[in-house]
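Participant: Can you read through this structure? Questions will come right after.
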Amino acid sequence: MPDVVYLNGRYCRPEEATVSVFDRGLLFADAIYEVAGVIDGKLLDFASHMQRLDRSMAEMRMPCPLSHAEILEVMRELVRREGVDEGLVYMQFTRGSTGDRDFLPPDDPKPTVFGFAQHKSEATKADIKNGIAMVSQPDIRWGRRDIKTVGLMGSVFAKMAVKPTGAGEALLHQDGFVTEGAATSFFAVKDGAILTRPLSNDILHGCTRKALLGLLAEGDIRLDERLFTLEEAHTADEAFITGASTYVTPVVSIDGRQLGDGTPGPVTRRLQEIYVDFARRDAV
């Protein structure tokens, strides 16, 4: 548990942070969030996270109570107070409370803003180095996965379903095609090309995904952005997932079917190097 959290303008211990039981984030999951990675005590992809935050706010028709500069200040302060060198910062914005439960939100909401920083776990570091197994699950999430809301029960169900298998992540699929991981973006590698699903309402517009695709030219790596099947994922030469805390994490098996020789592949390893170099240059 973090030692300090941010709540509506103040920093305090987690047990001192309280919100109304009528907060719409609690009652309706009427809230959005952002998670920025931290490397060398600095924030990764901050501008991309703010672009996505603005988009989510606009889609939810929710006002943001803090400017980008104020959010940056809060995130940096949380990192400083928590002493995080490598990890993440979580920020959540709800539509607040009116002291009642009403499906229709107020015209003048008073948002609740909450945040904390976390150190990267040793388990996550081991996954990035050694790779993970994935197990497929039907994608039962709502139809606006492009909005980063806190309504995440579809992902929770998927994570719960694959936990007994020992897999590190669920690979979601819908109508015969792969969508993404339960909490990550998914990529397959076939004949040296990167295969990933194109952006739409069906997947989250991942900031790490965006940064990585922009870096492919540095590694002279081709991109094939299209719908692809679970069988194509099963027979890929390599695969990996991306996320704010997972960076580029190799996938060594899917549904018990080994990819390549069962170890992180050369394309994935190259992309790990390229991304970490970029992250250190770009961090603020």
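Scheme for the structure tokens: letters A, B, ... for chains in order shown; per-chain residue numbers from 1; ligand numbers from 1 in order shown.
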So that I can see what lies close to A:Gly262, please list as a list in words the residues with an atom at most 6 Å from it, counting only C-alpha atoms and leaving out residues fewer than 3 positions away in the same chain.
Facilitator: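 Once the nearby chain positions are removed, what remains is Val252, Gln258 and Leu259 of chain A.
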Participant: Would you mind exporting C-alpha atoms of the selected residues as a PDB file, in the first residue's frame?
Facilitator:
ATOM      1  CA  VAL A 252       6.114 -17.202 -24.477  1.00  0.00           C
ATOM      2  CA  GLN A 258       4.536 -22.518 -27.040  1.00  0.00           C
ATOM      3  CA  LEU A 259       5.576 -19.597 -29.224  1.00  0.00           C
TER       4      LEU A 259
END
Participant: Taking the DSSP secondary structure from the backbone, can you list the residues of stretch 111-153 of chain A that are alpha helix (DSSP H), as a PyMOL selection string?
Facilitator: chain A and resi 122-130+153
Participant: Restricting the output to C-alpha atoms, write the selected residues as an mmCIF file, in the first residue's frame.
Facilitator:
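Everything below was put into selection.cif:
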data_model
loop_
_atom_site.group_PDB
_atom_site.id
_atom_site.type_symbol
_atom_site.label_atom_id
_atom_site.label_comp_id
_atom_site.auth_asym_id
_atom_site.auth_seq_id
_atom_site.Cartn_x
_atom_site.Cartn_y
_atom_site.Cartn_z
ATOM 1 C CA GLU A 122 9.637 -7.697 -8.512
ATOM 2 C CA ALA A 123 7.112 -10.004 -10.201
ATOM 3 C CA THR A 124 6.546 -7.458 -12.967
ATOM 4 C CA LYS A 125 10.288 -7.035 -13.437
ATOM 5 C CA ALA A 126 10.655 -10.829 -13.746
ATOM 6 C CA ASP A 127 7.831 -10.956 -16.331
ATOM 7 C CA ILE A 128 9.518 -8.272 -18.446
ATOM 8 C CA LYS A 129 12.758 -10.253 -18.390
ATOM 9 C CA ASN A 130 11.488 -13.818 -18.789
ATOM 10 C CA MET A 153 -15.413 -5.848 -14.367
#
Participant: Could you name the residues that touch stretch 183-199 of chain A at 7 Å or less, counting only C-alpha atoms, but leaving out those on the same chain fewer than 5 positions away, as a list in words?
Facilitator: Ser155, His205, Gly206, Arg209, Ile221, Arg222, Leu223, Asp224, Glu225, Arg226, Leu227, Ala233, Ala236, Asp237, Glu238, Ala239, Phe240, Ile241, Thr242 and Gly243 of chain A
Participant: Can you write just those residues out, N, CA and C atoms, as a PDB file, in the first residue's frame?
Facilitator:
ATOM      1  N   SER A 155     -12.659  -7.018 -17.454  1.00  0.00           N
ATOM      2  CA  SER A 155     -11.248  -7.359 -17.301  1.00  0.00           C
ATOM      3  C   SER A 155     -10.999  -8.129 -16.003  1.00  0.00           C
ATOM      4  N   HIS A 205      -6.918   2.829 -26.470  1.00  0.00           N
ATOM      5  CA  HIS A 205      -5.865   3.473 -27.248  1.00  0.00           C
ATOM      6  C   HIS A 205      -4.638   3.630 -26.349  1.00  0.00           C
ATOM      7  N   GLY A 206      -3.862   2.571 -26.231  1.00  0.00           N
ATOM      8  CA  GLY A 206      -2.758   2.519 -25.280  1.00  0.00           C
ATOM      9  C   GLY A 206      -1.658   3.526 -25.584  1.00  0.00           C
ATOM     10  N   ARG A 209       1.470   1.564 -26.412  1.00  0.00           N
ATOM     11  CA  ARG A 209       1.246   1.064 -27.774  1.00  0.00           C
ATOM     12  C   ARG A 209       1.565   2.147 -28.798  1.00  0.00           C
ATOM     13  N   ILE A 221      11.360  -2.378 -38.521  1.00  0.00           N
ATOM     14  CA  ILE A 221      10.380  -3.449 -38.304  1.00  0.00           C
ATOM     15  C   ILE A 221       9.061  -3.068 -38.970  1.00  0.00           C
ATOM     16  N   ARG A 222       8.504  -3.979 -39.735  1.00  0.00           N
ATOM     17  CA  ARG A 222       7.252  -3.736 -40.449  1.00  0.00           C
ATOM     18  C   ARG A 222       6.056  -3.874 -39.513  1.00  0.00           C
ATOM     19  N   LEU A 223       4.983  -3.138 -39.846  1.00  0.00           N
ATOM     20  CA  LEU A 223       3.743  -3.165 -39.066  1.00  0.00           C
ATOM     21  C   LEU A 223       2.604  -3.656 -39.939  1.00  0.00           C
ATOM     22  N   ASP A 224       1.822  -4.607 -39.418  1.00  0.00           N
ATOM     23  CA  ASP A 224       0.625  -5.113 -40.082  1.00  0.00           C
ATOM     24  C   ASP A 224      -0.546  -4.880 -39.129  1.00  0.00           C
ATOM     25  N   GLU A 225      -1.238  -3.778 -39.312  1.00  0.00           N
ATOM     26  CA  GLU A 225      -2.313  -3.365 -38.398  1.00  0.00           C
ATOM     27  C   GLU A 225      -3.653  -3.806 -38.989  1.00  0.00           C
ATOM     28  N   ARG A 226      -4.206  -4.899 -38.459  1.00  0.00           N
ATOM     29  CA  ARG A 226      -5.439  -5.469 -39.002  1.00  0.00           C
ATOM     30  C   ARG A 226      -6.070  -6.407 -37.981  1.00  0.00           C
ATOM     31  N   LEU A 227      -7.311  -6.828 -38.255  1.00  0.00           N
ATOM     32  CA  LEU A 227      -7.935  -7.859 -37.438  1.00  0.00           C
ATOM     33  C   LEU A 227      -7.210  -9.185 -37.674  1.00  0.00           C
ATOM     34  N   ALA A 233      -2.671 -15.872 -33.510  1.00  0.00           N
ATOM     35  CA  ALA A 233      -1.882 -15.598 -32.308  1.00  0.00           C
ATOM     36  C   ALA A 233      -1.194 -16.869 -31.823  1.00  0.00           C
ATOM     37  N   ALA A 236       1.945 -17.595 -33.922  1.00  0.00           N
ATOM     38  CA  ALA A 236       2.900 -16.497 -34.116  1.00  0.00           C
ATOM     39  C   ALA A 236       4.316 -16.965 -33.766  1.00  0.00           C
ATOM     40  N   ASP A 237       5.296 -16.307 -34.354  1.00  0.00           N
ATOM     41  CA  ASP A 237       6.693 -16.593 -34.025  1.00  0.00           C
ATOM     42  C   ASP A 237       7.046 -16.067 -32.636  1.00  0.00           C
ATOM     43  N   GLU A 238       6.492 -14.892 -32.328  1.00  0.00           N
ATOM     44  CA  GLU A 238       6.687 -14.250 -31.034  1.00  0.00           C
ATOM     45  C   GLU A 238       5.410 -13.495 -30.697  1.00  0.00           C
ATOM     46  N   ALA A 239       5.311 -13.029 -29.468  1.00  0.00           N
ATOM     47  CA  ALA A 239       4.226 -12.124 -29.080  1.00  0.00           C
ATOM     48  C   ALA A 239       4.684 -11.327 -27.868  1.00  0.00           C
ATOM     49  N   PHE A 240       4.019 -10.212 -27.646  1.00  0.00           N
ATOM     50  CA  PHE A 240       4.317  -9.409 -26.461  1.00  0.00           C
ATOM     51  C   PHE A 240       3.125  -8.517 -26.136  1.00  0.00           C
ATOM     52  N   ILE A 241       3.117  -8.026 -24.923  1.00  0.00           N
ATOM     53  CA  ILE A 241       2.101  -7.081 -24.476  1.00  0.00           C
ATOM     54  C   ILE A 241       2.784  -5.780 -24.071  1.00  0.00           C
ATOM     55  N   THR A 242       2.022  -4.693 -24.081  1.00  0.00           N
ATOM     56  CA  THR A 242       2.556  -3.407 -23.631  1.00  0.00           C
ATOM     57  C   THR A 242       1.585  -2.745 -22.670  1.00  0.00           C
ATOM     58  N   GLY A 243       2.132  -1.910 -21.803  1.00  0.00           N
ATOM     59  CA  GLY A 243       1.332  -1.152 -20.860  1.00  0.00           C
ATOM     60  C   GLY A 243       2.214  -0.208 -20.082  1.00  0.00           C
TER      61      GLY A 243
END
Participant: Env of A:Val21: 12 Å cut, atoms = only C-alpha atoms, seq-sep filter 4 positions within chain, self excluded. Answer as number ranges by chain.
Facilitator: A: 25-28, 96-101
Participant: What is the distance between atom CA of A:Phe46 and atom CA of A:Pro14, in Å to one decimal?
Facilitator: 24.7 Å
Participant: Mind giving me the straight-line distance from atom CA of A:Pro164 to atom CA of A:Val135 in Å, one decimal?
Facilitator: 10.5 Å
Participant: Could you please write out, as a list in words, every residue of stretch 84-156 of chain A that DSSP assigns to strand (DSSP E or B)?
Facilitator: Gly87, Leu88, Val89, Tyr90, Met91, Gln92, Phe93, Thr94, Thr112, Val113, Phe114, Gly115, Phe116, Ala117, Gln118, His119, Ile132, Ala133, Met134, Val135, Ser136, Gln137, Pro138 and Thr149 of chain A
Participant: Point out the residue among A:Val162, A:Ile32, A:Leu204, A:Leu213 with the least atom-to-atom distance to A:Glu180, counting only C-alpha atoms.
Facilitator: A:Leu204
